[in-house]
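Q: Just one file: query17.csv, with CSV, C-alpha atoms and all ligand atoms.
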```csv
chain,number,residue,atom,x,y,z
A,5,MET,CA,-19.8,68.9,-71.8
A,6,SER,CA,-22.9,68.5,-69.6
A,7,GLN,CA,-24.0,70.9,-67.0
A,8,TYR,CA,-21.6,70.7,-64.0
A,9,ILE,CA,-22.8,69.9,-60.6
A,10,ALA,CA,-20.0,69.5,-58.1
A,11,ASP,CA,-19.7,66.2,-56.3
A,12,PRO,CA,-21.5,66.5,-52.9
A,13,LYS,CA,-18.8,64.3,-51.4
A,14,ARG,CA,-15.9,66.6,-52.4
A,15,TYR,CA,-15.0,67.5,-48.8
A,16,GLU,CA,-15.3,64.1,-47.2
A,17,SER,CA,-11.7,62.8,-47.7
A,18,VAL,CA,-9.5,65.9,-47.8
A,19,ARG,CA,-7.8,67.2,-44.7
A,20,TYR,CA,-7.2,70.9,-45.3
A,21,ARG,CA,-4.0,72.4,-43.7
A,22,ARG,CA,-3.7,75.8,-42.1
A,23,CYS,CA,-1.5,78.2,-44.1
A,24,GLY,CA,1.1,79.5,-41.6
A,25,ARG,CA,-0.5,81.4,-38.8
A,26,SER,CA,-3.4,82.6,-41.0
A,27,GLY,CA,-7.0,81.5,-40.8
A,28,LEU,CA,-6.9,80.1,-44.3
A,29,ARG,CA,-6.7,76.4,-44.9
A,30,LEU,CA,-5.5,74.9,-48.2
A,31,PRO,CA,-5.7,71.4,-49.6
A,32,PRO,CA,-2.5,69.3,-49.4
A,33,VAL,CA,-2.5,69.1,-53.2
A,34,SER,CA,-3.3,72.2,-55.2
A,35,LEU,CA,-3.6,72.5,-59.0
A,36,GLY,CA,-1.3,74.8,-61.1
A,37,LEU,CA,-2.2,76.0,-64.6
A,38,TRP,CA,1.4,76.8,-65.8
A,39,HIS,CA,1.3,74.0,-68.5
A,40,ASN,CA,-1.6,72.4,-70.3
A,41,PHE,CA,-4.2,75.2,-69.8
A,42,GLY,CA,-3.1,77.7,-72.4
A,43,GLY,CA,-4.8,78.8,-75.6
A,44,VAL,CA,-2.8,76.2,-77.6
A,45,HIS,CA,-4.1,73.3,-75.5
A,46,SER,CA,-7.4,71.4,-75.7
A,47,PHE,CA,-10.0,73.5,-73.8
A,48,GLU,CA,-12.1,70.4,-73.1
A,49,ASN,CA,-9.2,68.7,-71.4
A,50,SER,CA,-8.3,71.7,-69.3
A,51,ARG,CA,-12.0,72.0,-68.4
A,52,ALA,CA,-12.2,68.3,-67.5
A,53,MET,CA,-9.2,68.6,-65.2
A,54,LEU,CA,-10.5,71.7,-63.4
A,55,ARG,CA,-13.9,70.1,-62.9
A,56,ARG,CA,-12.4,66.9,-61.6
A,57,ALA,CA,-10.0,68.7,-59.3
A,58,PHE,CA,-12.9,70.6,-57.6
A,59,ASP,CA,-14.8,67.3,-57.3
A,60,LEU,CA,-11.8,65.9,-55.5
A,61,GLY,CA,-11.7,68.7,-52.9
A,62,VAL,CA,-8.9,70.7,-54.7
A,63,THR,CA,-10.1,74.1,-53.7
A,64,HIS,CA,-6.9,76.0,-54.6
A,65,ILE,CA,-6.0,76.8,-58.2
A,66,ASP,CA,-2.7,78.5,-58.9
A,67,LEU,CA,-2.2,80.9,-61.9
A,68,ALA,CA,0.1,83.7,-63.0
A,69,ASN,CA,-0.3,86.5,-65.5
A,70,ASN,CA,2.1,84.9,-68.0
A,71,TYR,CA,0.9,81.2,-68.0
A,72,GLY,CA,-0.1,80.0,-71.4
A,73,PRO,CA,1.1,80.0,-74.1
A,74,PRO,CA,0.3,82.5,-75.2
A,75,ALA,CA,0.9,84.5,-72.0
A,76,GLY,CA,-2.4,85.3,-70.3
A,77,SER,CA,-4.3,82.5,-71.9
A,78,ALA,CA,-4.3,80.2,-68.9
A,79,GLU,CA,-6.2,82.9,-67.0
A,80,GLU,CA,-8.6,83.2,-69.9
A,81,THR,CA,-9.1,79.4,-69.9
A,82,PHE,CA,-9.7,79.5,-66.2
A,83,GLY,CA,-12.2,82.4,-66.7
A,84,ARG,CA,-14.1,80.4,-69.3
A,85,VAL,CA,-14.4,77.4,-67.0
A,86,LEU,CA,-15.4,79.6,-64.1
A,87,LYS,CA,-18.2,81.1,-66.2
A,88,LEU,CA,-19.3,77.7,-67.6
A,89,ASP,CA,-19.0,75.5,-64.5
A,90,LEU,CA,-17.4,76.9,-61.3
A,91,ALA,CA,-19.1,80.3,-60.9
A,92,PRO,CA,-21.7,79.0,-58.4
A,93,TYR,CA,-18.7,77.8,-56.3
A,94,ARG,CA,-16.6,81.0,-56.2
A,95,ASP,CA,-16.7,81.2,-52.5
A,96,GLU,CA,-15.4,77.7,-52.2
A,97,LEU,CA,-12.3,78.5,-54.3
A,98,ILE,CA,-8.9,80.0,-53.6
A,99,ILE,CA,-7.6,81.5,-56.8
A,100,SER,CA,-4.1,82.9,-56.9
A,101,THR,CA,-2.2,84.8,-59.5
A,102,LYS,CA,1.1,86.5,-59.8
A,103,ALA,CA,3.1,89.2,-61.6
A,104,GLY,CA,6.9,89.4,-61.9
A,105,TYR,CA,8.0,87.8,-65.2
A,106,ASP,CA,7.9,89.3,-68.7
A,107,MET,CA,4.3,90.1,-69.7
A,108,TRP,CA,4.1,93.1,-72.0
A,109,PRO,CA,6.7,95.2,-73.8
A,110,GLY,CA,8.4,98.2,-72.4
A,111,PRO,CA,9.8,99.1,-68.9
A,112,TYR,CA,6.5,98.5,-67.1
A,113,GLY,CA,5.8,94.9,-68.3
A,114,GLU,CA,7.9,92.8,-65.8
A,115,TRP,CA,9.7,92.8,-62.4
A,116,GLY,CA,8.4,94.5,-59.3
A,117,SER,CA,7.4,98.1,-59.7
A,118,ARG,CA,4.2,99.4,-58.3
A,119,LYS,CA,3.2,100.4,-61.8
A,120,TYR,CA,3.6,96.9,-63.2
A,121,LEU,CA,2.2,94.9,-60.3
A,122,LEU,CA,-1.1,96.8,-60.0
A,123,ALA,CA,-1.7,97.1,-63.8
A,124,SER,CA,-1.0,93.4,-64.1
A,125,LEU,CA,-3.5,92.5,-61.4
A,126,ASP,CA,-6.2,94.5,-63.1
A,127,GLN,CA,-5.4,92.6,-66.4
A,128,SER,CA,-5.6,89.3,-64.6
A,129,LEU,CA,-8.9,90.0,-63.0
A,130,LYS,CA,-10.3,91.0,-66.4
A,131,ARG,CA,-9.0,87.8,-68.1
A,132,MET,CA,-10.5,85.6,-65.4
A,133,GLY,CA,-13.7,87.6,-65.0
A,134,LEU,CA,-13.1,87.9,-61.3
A,135,GLU,CA,-13.7,90.9,-58.9
A,136,TYR,CA,-10.8,89.8,-56.7
A,137,VAL,CA,-8.2,87.1,-56.4
A,138,ASP,CA,-7.7,85.2,-53.1
A,139,ILE,CA,-3.9,85.4,-53.3
A,140,PHE,CA,-1.8,87.9,-55.2
A,141,TYR,CA,2.0,87.2,-55.5
A,142,SER,CA,5.1,89.0,-56.3
A,143,HIS,CA,6.4,86.3,-58.7
A,144,ARG,CA,10.1,87.1,-58.2
A,145,PRO,CA,12.2,89.5,-56.3
A,146,ASP,CA,13.3,92.6,-58.3
A,147,PRO,CA,16.9,93.7,-57.7
A,148,GLY,CA,16.0,97.1,-59.4
A,149,THR,CA,13.1,98.1,-57.2
A,150,PRO,CA,13.1,98.8,-53.5
A,151,ILE,CA,11.5,95.9,-51.6
A,152,GLU,CA,9.3,98.5,-49.9
A,153,GLU,CA,7.8,99.6,-53.2
A,154,THR,CA,7.0,96.0,-54.3
A,155,MET,CA,5.5,95.2,-50.9
A,156,SER,CA,3.5,98.4,-50.7
A,157,ALA,CA,2.0,97.5,-54.1
A,158,LEU,CA,0.9,94.1,-52.6
A,159,ASP,CA,-0.6,96.0,-49.6
A,160,SER,CA,-2.5,98.3,-52.0
A,161,ALA,CA,-3.9,95.2,-53.8
A,162,VAL,CA,-5.4,94.1,-50.4
A,163,ARG,CA,-6.6,97.5,-49.4
A,164,SER,CA,-8.3,98.0,-52.7
A,165,GLY,CA,-10.2,94.7,-52.3
A,166,LYS,CA,-8.6,93.2,-55.4
A,167,ALA,CA,-6.7,90.6,-53.4
A,168,LEU,CA,-7.6,89.0,-50.0
A,169,TYR,CA,-4.1,87.8,-49.2
A,170,VAL,CA,-0.6,88.3,-50.5
A,171,GLY,CA,2.4,86.1,-51.1
A,172,ILE,CA,5.9,86.0,-52.5
A,173,SER,CA,7.6,83.5,-54.8
A,174,ASN,CA,11.2,82.7,-55.6
A,175,TYR,CA,12.5,84.9,-52.8
A,176,ASN,CA,15.6,83.7,-51.0
A,177,VAL,CA,16.0,83.7,-47.2
A,178,ASP,CA,17.2,87.3,-46.9
A,179,GLN,CA,14.7,88.6,-49.5
A,180,THR,CA,12.0,86.8,-47.7
A,181,ARG,CA,12.9,88.3,-44.3
A,182,ALA,CA,13.0,91.8,-45.9
A,183,ALA,CA,9.6,91.3,-47.6
A,184,ILE,CA,7.9,90.1,-44.4
A,185,GLU,CA,9.2,93.2,-42.7
A,186,ALA,CA,8.2,95.6,-45.4
A,187,LEU,CA,4.6,94.3,-45.7
A,188,ASP,CA,1.8,95.9,-43.7
A,189,ALA,CA,-0.5,93.0,-44.5
A,190,PRO,CA,0.7,89.6,-43.1
A,191,CYS,CA,2.6,87.6,-45.7
A,192,LEU,CA,0.3,84.6,-46.2
A,193,ILE,CA,2.4,82.3,-48.2
A,194,HIS,CA,5.8,81.7,-49.9
A,195,GLN,CA,5.8,79.7,-53.1
A,196,MET,CA,9.1,78.0,-53.8
A,197,ARG,CA,10.6,75.3,-56.1
A,198,TYR,CA,10.9,72.3,-53.8
A,199,SER,CA,11.1,68.6,-54.6
A,200,MET,CA,13.2,65.6,-53.8
A,201,PHE,CA,15.5,66.8,-56.6
A,202,LYS,CA,15.5,70.5,-55.7
A,203,ARG,CA,16.2,71.0,-52.0
A,204,GLU,CA,17.4,74.5,-51.6
A,205,PRO,CA,14.5,75.5,-49.3
A,206,GLU,CA,16.0,73.2,-46.6
A,207,GLU,CA,18.9,75.6,-46.3
A,208,GLY,CA,17.2,78.1,-44.0
A,209,LEU,CA,14.0,79.1,-45.8
A,210,LEU,CA,11.7,76.5,-44.3
A,211,GLN,CA,12.9,77.4,-40.8
A,212,LEU,CA,12.3,81.1,-41.5
A,213,LEU,CA,8.8,80.4,-42.7
A,214,GLU,CA,7.9,78.3,-39.7
A,215,ASP,CA,9.3,81.0,-37.3
A,216,ALA,CA,7.5,83.8,-39.1
A,217,GLY,CA,4.1,81.9,-39.4
A,218,VAL,CA,4.2,82.0,-43.2
A,219,GLY,CA,2.8,79.0,-45.1
A,220,GLY,CA,5.1,77.2,-47.6
A,221,ILE,CA,3.7,75.9,-50.9
A,222,ALA,CA,6.0,73.9,-53.2
A,223,PHE,CA,5.9,74.3,-57.0
A,224,SER,CA,7.0,71.5,-59.4
A,225,PRO,CA,6.9,69.0,-56.5
A,226,LEU,CA,7.3,66.2,-59.1
A,227,ALA,CA,10.3,68.0,-60.7
A,228,GLN,CA,8.0,68.6,-63.8
A,229,GLY,CA,7.3,64.9,-64.1
A,230,LEU,CA,10.7,63.4,-63.5
A,231,LEU,CA,9.6,62.1,-60.0
A,232,THR,CA,7.0,59.8,-61.6
A,233,ASP,CA,7.1,56.7,-63.8
A,234,ARG,CA,6.7,59.0,-66.9
A,235,TYR,CA,10.2,58.6,-68.3
A,236,LEU,CA,11.1,55.1,-67.1
A,237,ALA,CA,10.6,53.5,-70.5
A,238,GLY,CA,11.9,56.4,-72.7
A,239,ILE,CA,10.5,59.8,-73.5
A,240,PRO,CA,6.8,59.5,-74.4
A,241,ALA,CA,5.5,61.6,-77.3
A,242,ASP,CA,2.8,63.2,-75.1
A,243,SER,CA,5.2,64.1,-72.3
A,244,ARG,CA,6.3,67.6,-71.3
A,245,VAL,CA,9.8,67.1,-72.8
A,246,MET,CA,8.3,66.4,-76.2
A,247,THR,CA,5.2,68.7,-76.2
A,248,ASP,CA,6.8,71.7,-74.7
A,249,GLY,CA,10.6,71.4,-74.0
A,250,ARG,CA,11.1,75.0,-72.8
A,251,PHE,CA,11.6,74.1,-69.2
A,252,LEU,CA,12.1,70.4,-69.1
A,253,LYS,CA,14.5,69.1,-71.7
A,254,ALA,CA,15.5,65.6,-73.0
A,255,GLY,CA,18.9,66.2,-71.4
A,256,ASP,CA,17.2,66.4,-67.9
A,257,VAL,CA,16.2,62.8,-68.3
A,258,ASP,CA,19.6,61.3,-67.7
A,259,GLU,CA,20.5,57.8,-66.5
A,260,GLY,CA,21.6,59.1,-63.0
A,261,ARG,CA,18.2,60.6,-62.4
A,262,LEU,CA,16.4,57.5,-63.7
A,263,ALA,CA,18.4,55.2,-61.4
A,264,LYS,CA,17.2,57.3,-58.5
A,265,VAL,CA,13.7,57.3,-59.7
A,266,ARG,CA,13.7,53.5,-60.0
A,267,ALA,CA,15.1,53.1,-56.5
A,268,LEU,CA,12.6,55.7,-55.0
A,269,GLY,CA,9.8,53.9,-56.8
A,270,GLN,CA,10.6,50.7,-54.9
A,271,ILE,CA,10.3,52.5,-51.6
A,272,ALA,CA,7.0,54.1,-52.7
A,273,ALA,CA,5.6,50.7,-53.8
A,274,ALA,CA,6.5,49.2,-50.3
A,275,ARG,CA,4.4,52.1,-48.8
A,276,GLY,CA,1.5,51.3,-51.1
A,277,GLN,CA,2.1,54.5,-53.1
A,278,THR,CA,3.2,55.6,-56.5
A,279,LEU,CA,6.5,57.6,-56.7
A,280,ALA,CA,4.4,60.7,-57.5
A,281,GLN,CA,2.4,60.2,-54.4
A,282,MET,CA,5.4,59.6,-52.2
A,283,ALA,CA,7.3,62.6,-53.6
A,284,ILE,CA,4.3,64.8,-52.6
A,285,ALA,CA,3.9,63.2,-49.2
A,286,TRP,CA,7.7,63.6,-48.5
A,287,LEU,CA,7.3,67.4,-48.9
A,288,LEU,CA,4.2,67.7,-46.8
A,289,ARG,CA,5.9,66.0,-43.8
A,290,GLN,CA,7.8,69.3,-43.3
A,291,PRO,CA,6.0,71.5,-40.7
A,292,ALA,CA,6.6,74.6,-42.8
A,293,MET,CA,4.8,73.2,-45.8
A,294,THR,CA,1.1,73.9,-46.2
A,295,SER,CA,0.5,72.6,-49.7
A,296,THR,CA,2.1,71.4,-53.0
A,297,ILE,CA,1.1,72.7,-56.5
A,298,ILE,CA,1.1,69.9,-59.0
A,299,GLY,CA,0.7,70.2,-62.7
A,300,ALA,CA,-1.2,67.6,-64.8
A,301,SER,CA,-1.8,66.9,-68.5
A,302,LYS,CA,-4.5,64.3,-67.8
A,303,VAL,CA,-7.3,63.7,-65.4
A,304,GLU,CA,-5.8,60.4,-64.3
A,305,GLN,CA,-2.5,62.1,-63.1
A,306,LEU,CA,-4.5,64.5,-61.0
A,307,GLU,CA,-6.5,61.7,-59.5
A,308,GLN,CA,-3.4,59.8,-58.6
A,309,ASN,CA,-1.6,62.8,-57.1
A,310,VAL,CA,-4.4,64.0,-55.0
A,311,THR,CA,-4.5,60.8,-53.1
A,312,ALA,CA,-0.9,61.3,-52.0
A,313,ALA,CA,-2.2,62.8,-48.7
A,314,ALA,CA,-3.6,59.4,-47.7
A,315,ASN,CA,-0.2,58.4,-46.3
A,316,LEU,CA,1.8,61.3,-45.1
A,317,SER,CA,3.8,59.5,-42.4
A,318,PHE,CA,7.3,58.2,-42.9
A,319,ALA,CA,9.2,55.7,-40.8
A,320,PRO,CA,12.8,56.9,-39.8
A,321,GLU,CA,14.2,53.9,-41.9
A,322,GLU,CA,12.3,55.1,-45.0
A,323,LEU,CA,13.6,58.6,-44.6
A,324,ALA,CA,17.1,57.4,-44.2
A,325,ARG,CA,16.9,55.2,-47.3
A,326,ILE,CA,15.4,58.0,-49.3
A,327,GLU,CA,18.2,60.3,-48.2
A,328,GLU,CA,20.8,57.7,-49.2
A,329,ILE,CA,19.3,57.5,-52.7
A,330,LEU,CA,19.0,61.3,-53.2
A,401,LIG,N1,6.2,80.4,-58.7
A,401,LIG,C1,6.9,80.0,-59.8
A,401,LIG,O1,7.9,80.6,-60.2
A,401,LIG,C2,6.4,78.7,-60.4
A,401,LIG,C3,7.3,78.0,-61.3
A,401,LIG,C4,6.9,76.8,-61.8
A,401,LIG,C5,5.6,76.3,-61.5
A,401,LIG,N2,4.8,77.0,-60.6
A,401,LIG,C6,3.5,76.4,-60.2
A,401,LIG,O2,3.5,75.1,-59.9
A,401,LIG,C7,2.6,74.3,-60.7
A,401,LIG,C8,3.1,72.9,-61.0
A,401,LIG,O3,4.4,72.9,-61.7
A,401,LIG,P1,4.7,71.7,-62.6
A,401,LIG,O4,3.7,71.5,-63.6
A,401,LIG,O5,6.1,71.8,-63.0
A,401,LIG,O6,4.6,70.5,-61.4
A,401,LIG,P2,4.9,69.0,-61.3
A,401,LIG,O7,3.8,68.4,-60.6
A,401,LIG,O8,6.3,68.8,-60.8
A,401,LIG,O9,4.9,68.4,-62.8
A,401,LIG,C9,3.7,68.2,-63.5
A,401,LIG,C10,3.9,67.3,-64.7
A,401,LIG,O10,4.4,66.1,-64.3
A,401,LIG,C11,3.7,65.0,-65.0
A,401,LIG,N3,2.9,64.3,-64.1
A,401,LIG,C12,2.1,64.8,-63.1
A,401,LIG,N4,1.6,63.8,-62.4
A,401,LIG,C13,2.0,62.6,-62.9
A,401,LIG,C14,1.7,61.3,-62.6
A,401,LIG,N5,1.0,60.9,-61.6
A,401,LIG,N6,2.3,60.3,-63.4
A,401,LIG,C15,3.1,60.7,-64.4
A,401,LIG,N7,3.4,62.0,-64.8
A,401,LIG,C16,2.8,62.9,-64.0
A,401,LIG,C17,2.9,65.8,-66.1
A,401,LIG,O11,3.7,66.0,-67.2
A,401,LIG,P3,3.3,65.4,-68.7
A,401,LIG,O12,3.0,66.7,-69.5
A,401,LIG,O13,4.6,64.8,-69.2
A,401,LIG,O14,2.2,64.5,-68.6
A,401,LIG,C18,2.6,67.1,-65.4
A,401,LIG,O15,2.3,68.1,-66.3
A,401,LIG,C19,2.5,75.2,-62.0
A,401,LIG,O16,1.3,74.9,-62.7
A,401,LIG,C20,2.5,76.6,-61.4
A,401,LIG,O17,1.2,76.8,-60.9
A,401,LIG,C21,5.2,78.1,-60.1
```
Once more with this new file: its structure as structure tokens, please.

A:
Amino acid sequence: MSQYIADPKRYESVRYRRCGRSGLRLPPVSLGLWHNFGGVHSFENSRAMLRRAFDLGVTHIDLANNYGPPAGSAEETFGRVLKLDLAPYRDELIISTKAGYDMWPGPYGEWGSRKYLLASLDQSLKRMGLEYVDIFYSHRPDPGTPIEETMSALDSAVRSGKALYVGISNYNVDQTRAAIEALDAPCLIHQMRYSMFKREPEEGLLQLLEDAGVGGIAFSPLAQGLLTDRYLAGIPADSRVMTDGRFLKAGDVDEGRLAKVRALGQIAAARGQTLAQMAIAWLLRQPAMTSTIIGASKVEQLEQNVTAAANLSFAPEELARIEEIL
């Protein structure tokens, strides 16, 4: 690929959103590297998506220690693209990573101990070739470690200069409340599974985040591709179900879901959006939500999803009809 020079117009069409009560603003659509950026994937495709994302004003890239496969390789891919293309723009980027899931053998390679979190952050920085990440997350709550220990490890990451902000992911309402209380640094952000098909955050979490001034960021906003036209005509050979199948299975593509997807697609079309765009906009209408983290296997998906923010308002009748379908 040729020498990369970022599009000078990249900031013209994006309206960045304040993350909770912090001073940090994030794009409405962020890019996650969970799938399609591992060592087993085409490096040039991963690189093309990252370059295009930045050209479209997507300043926030979401990673975790274990993204790949193999685990760690998505951070290595990102590190290569940073070195080749994005390094001159480091100060325009918000890079997040996480530790919490299984990463290396033995008792210190997962969960939420101080030992694991801080060792993992050092490994992540090395893989990405970074001196610091912008956001470091506890990827999941650990029932076997006092919350004070996990949170003090996040605080240490900030104090040592290896992370600018900290966040939590997959914490329920009570765990979130306890985490916010235990942290010295403000909790910047809460990363949760939230989509039209997965609505648990509406049961108290969104309200808590709003009250506490913590930004919400939704992962798998398209339910891993179900909330798009991807599966309407069968299961394509290049889709996540066929190419990976660990987290999204053929059994998830059932007739009940597809009927909802078709009905939602009609509402989206009447709004001048694709279903993917409407599904993202529907999340961003919640005051607690700062951003969404999409995944993509192709540049065109990314391009389509990023423009979701062009129409974020919903008429009461639209919301009622969506509710009926869901
Ligand atoms: N904190 C956590 O525990 C956690 C857990 C999961 C994810 N995450 C974060 O959230 C990010 C996004 O997760 P996700 O990849 O599941 O998100 P998603 O946006 O719900 O699903 C992305 C997948 O949907 C398909 N797709 C996307 N846009 C499309 C479009 N316009 N038309 C048709 N198909 C489209 C693609 O699948 P195909 O491969 O079929 O093309 C794409 O890979 C991850 O990368 C990660 O950063 C965090």

Q: Contacts of A:Arg51 at 9 Å or less, counting all atoms listed in the file, minus same-chain residues fewer than 3 places along, as a PyMOL selection string?

A: chain A and resi 41+46-48+54-56+81-82+84-85+89

Q: Which residues of chain A sit at most 8 Å from ligand LIG 401 (chain A), using all atoms listed in the file? Give each one's shortest atom pair and distance in Å (one decimal place), in chain and ascending residue order, as a tab-separated table.

A:
```
residue	atom	partner	partner_atom	distance
A:Leu35	CA	A:LIG401	O16	6.6
A:Gly36	CA	A:LIG401	O16	3.1
A:Leu37	CA	A:LIG401	O16	4.1
A:Trp38	CA	A:LIG401	O16	3.6
A:His39	CA	A:LIG401	O16	5.9
A:Asn40	CA	A:LIG401	O15	7.0
A:Ile65	CA	A:LIG401	O17	7.7
A:Asp66	CA	A:LIG401	O17	4.7
A:Leu67	CA	A:LIG401	O17	5.4
A:Ala68	CA	A:LIG401	O17	7.3
A:His143	CA	A:LIG401	N1	5.9
A:Arg144	CA	A:LIG401	O1	7.1
A:Ser173	CA	A:LIG401	N1	5.2
A:Asn174	CA	A:LIG401	O1	6.0
A:Gln195	CA	A:LIG401	N1	5.7
A:Met196	CA	A:LIG401	N1	6.2
A:Arg197	CA	A:LIG401	C3	6.7
A:Ser199	CA	A:LIG401	O8	7.8
A:Ala222	CA	A:LIG401	O2	7.3
A:Phe223	CA	A:LIG401	O2	3.8
A:Ser224	CA	A:LIG401	O8	3.1
A:Pro225	CA	A:LIG401	O8	4.3
A:Leu226	CA	A:LIG401	O8	3.3
A:Ala227	CA	A:LIG401	O8	4.1
A:Gln228	CA	A:LIG401	O9	3.3
A:Gly229	CA	A:LIG401	O10	3.1
A:Leu230	CA	A:LIG401	O10	6.9
A:Leu231	CA	A:LIG401	O8	7.5
A:Thr232	CA	A:LIG401	C15	4.9
A:Asp233	CA	A:LIG401	C15	5.7
A:Arg234	CA	A:LIG401	C15	4.7
A:Pro240	CA	A:LIG401	O13	7.7
A:Asp242	CA	A:LIG401	O13	6.4
A:Ser243	CA	A:LIG401	O13	3.2
A:Arg244	CA	A:LIG401	O12	3.9
A:Val245	CA	A:LIG401	O13	6.7
A:Thr247	CA	A:LIG401	O12	7.3
A:Thr278	CA	A:LIG401	N5	7.7
A:Ala280	CA	A:LIG401	N5	5.3
A:Gln281	CA	A:LIG401	N5	7.4
A:Thr296	CA	A:LIG401	O2	8.0
A:Ile297	CA	A:LIG401	C7	4.7
A:Ile298	CA	A:LIG401	O7	3.5
A:Gly299	CA	A:LIG401	O4	3.4
A:Ala300	CA	A:LIG401	O15	3.8
A:Ser301	CA	A:LIG401	O14	4.7
A:Lys302	CA	A:LIG401	O14	6.8
A:Glu304	CA	A:LIG401	N5	7.3
A:Gln305	CA	A:LIG401	N5	4.0
A:Leu306	CA	A:LIG401	N4	6.3
A:Glu307	CA	A:LIG401	N5	7.8
A:Gln308	CA	A:LIG401	N5	5.4
A:Asn309	CA	A:LIG401	N5	5.5
```

Q: Restrict the selected residues to C-alpha atoms and save them as a compact mmCIF listing (two decimals), in the coordinates of the input.

A:
```txt
# COMPACT_ATOMS: atom_id res chain seq x y z
CA LEU A 35 -3.60 72.50 -59.00
CA GLY A 36 -1.30 74.80 -61.10
CA LEU A 37 -2.20 76.00 -64.60
CA TRP A 38 1.40 76.80 -65.80
CA HIS A 39 1.30 74.00 -68.50
CA ASN A 40 -1.60 72.40 -70.30
CA ILE A 65 -6.00 76.80 -58.20
CA ASP A 66 -2.70 78.50 -58.90
CA LEU A 67 -2.20 80.90 -61.90
CA ALA A 68 0.10 83.70 -63.00
CA HIS A 143 6.40 86.30 -58.70
CA ARG A 144 10.10 87.10 -58.20
CA SER A 173 7.60 83.50 -54.80
CA ASN A 174 11.20 82.70 -55.60
CA GLN A 195 5.80 79.70 -53.10
CA MET A 196 9.10 78.00 -53.80
CA ARG A 197 10.60 75.30 -56.10
CA SER A 199 11.10 68.60 -54.60
CA ALA A 222 6.00 73.90 -53.20
CA PHE A 223 5.90 74.30 -57.00
CA SER A 224 7.00 71.50 -59.40
CA PRO A 225 6.90 69.00 -56.50
CA LEU A 226 7.30 66.20 -59.10
CA ALA A 227 10.30 68.00 -60.70
CA GLN A 228 8.00 68.60 -63.80
CA GLY A 229 7.30 64.90 -64.10
CA LEU A 230 10.70 63.40 -63.50
CA LEU A 231 9.60 62.10 -60.00
CA THR A 232 7.00 59.80 -61.60
CA ASP A 233 7.10 56.70 -63.80
CA ARG A 234 6.70 59.00 -66.90
CA PRO A 240 6.80 59.50 -74.40
CA ASP A 242 2.80 63.20 -75.10
CA SER A 243 5.20 64.10 -72.30
CA ARG A 244 6.30 67.60 -71.30
CA VAL A 245 9.80 67.10 -72.80
CA THR A 247 5.20 68.70 -76.20
CA THR A 278 3.20 55.60 -56.50
CA ALA A 280 4.40 60.70 -57.50
CA GLN A 281 2.40 60.20 -54.40
CA THR A 296 2.10 71.40 -53.00
CA ILE A 297 1.10 72.70 -56.50
CA ILE A 298 1.10 69.90 -59.00
CA GLY A 299 0.70 70.20 -62.70
CA ALA A 300 -1.20 67.60 -64.80
CA SER A 301 -1.80 66.90 -68.50
CA LYS A 302 -4.50 64.30 -67.80
CA GLU A 304 -5.80 60.40 -64.30
CA GLN A 305 -2.50 62.10 -63.10
CA LEU A 306 -4.50 64.50 -61.00
CA GLU A 307 -6.50 61.70 -59.50
CA GLN A 308 -3.40 59.80 -58.60
CA ASN A 309 -1.60 62.80 -57.10
```

Q: So the first atom is atom CA of A:Leu209 and the second is atom CA of A:Gly27; what is the distance between them in Å, to one decimal place?

A: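 Atom-to-atom, atom CA of A:Leu209 and atom CA of A:Gly27 are spaced 21.7 Å apart.
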
Q: Determine the nearest neighbour of A:Leu323 from the options A:Arg118, A:Lys253, A:Arg261, A:Arg289, counting all atoms listed in the file.

A: A:Arg289

Q: Using all atoms listed in the file, which of A:Gly43, A:Val265, A:Arg25, A:Leu279 sits nearest A:Gly76?

A: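 Among the listed residues, the smallest separation from A:Gly76 belongs to A:Gly43.
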
Q: Considering all atoms listed in the file, state which residue in the set A:Pro32, A:Gly165, A:Gly249, A:Pro205 is at the smallest distance from A:Asp126.

A: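 Using all atoms listed in the file, A:Asp126 sits closest to A:Gly165.
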
Q: Could you please determine the separation between atom CA of A:Ala183 and atom CA of A:Val162 in Å, to one decimal place?

A: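 Distance reported for this atom pair: 15.5 Å.
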
Q: Quick one: pull the distance between atom CA of A:Val218 and atom CA of A:Ala324, Å, one decimal.

A: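 Interatomic distance, atom CA of A:Val218 to atom CA of A:Ala324: 27.8 Å.
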
Q: Using only C-alpha atoms, which protein or nucleic acid residues come within 6 Å of A:Gly42? Drop anything in the same chain fewer than 6 positions from it, and give the result as a PyMOL selection string.

A: chain A and resi 72-73+77-78

Q: Give the answer as one residue: which of A:Gly219, A:Ser6, A:Gly260, A:Asn315 has the shortest atom-to-atom distance to A:Gly276, using only C-alpha atoms?

A: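 Smallest distance to A:Gly276 is found for A:Asn315.
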
Q: Name the closest residue to A:Leu88 among the candidates A:Ile193, A:Ile326, A:Met5, A:Ala182; distances are taken between atoms, counting only C-alpha atoms.

A: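 Under the stated criterion, the closest residue is A:Met5.
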
Q: Looking at all atoms listed in the file, which of A:Leu213, A:Leu252, A:Ala123, A:Val303 is the one that sits closest to A:Gln290?

A: A:Leu213

Q: Give me the residues within 10 Å of A:Gly133 as a PyMOL selection string, counting all atoms listed in the file and dropping any in the same chain fewer than 4 places off.

A: chain A and resi 79-80+82-84+86-87+91+127-129

Q: Around (-8.7, 74.1, -45.1) in the file's frame, which residues reach within 12 Å when counting all atoms listed in the file? Return as a PyMOL selection string?

A: chain A and resi 15+17-24+26-34+61-64+96-98+294-295

Q: Taking all atoms of stretch 99-117 of chain A that appear in the file, build a box with edges along x, y and z, extend it by 3 Å on every side, and state its centre and edge lengths in Å to one decimal, as JSON.

A:
```
{"center_x": 1.1, "center_y": 90.3, "center_z": -65.3, "size_x": 23.4, "size_y": 23.6, "size_z": 23.0}
```
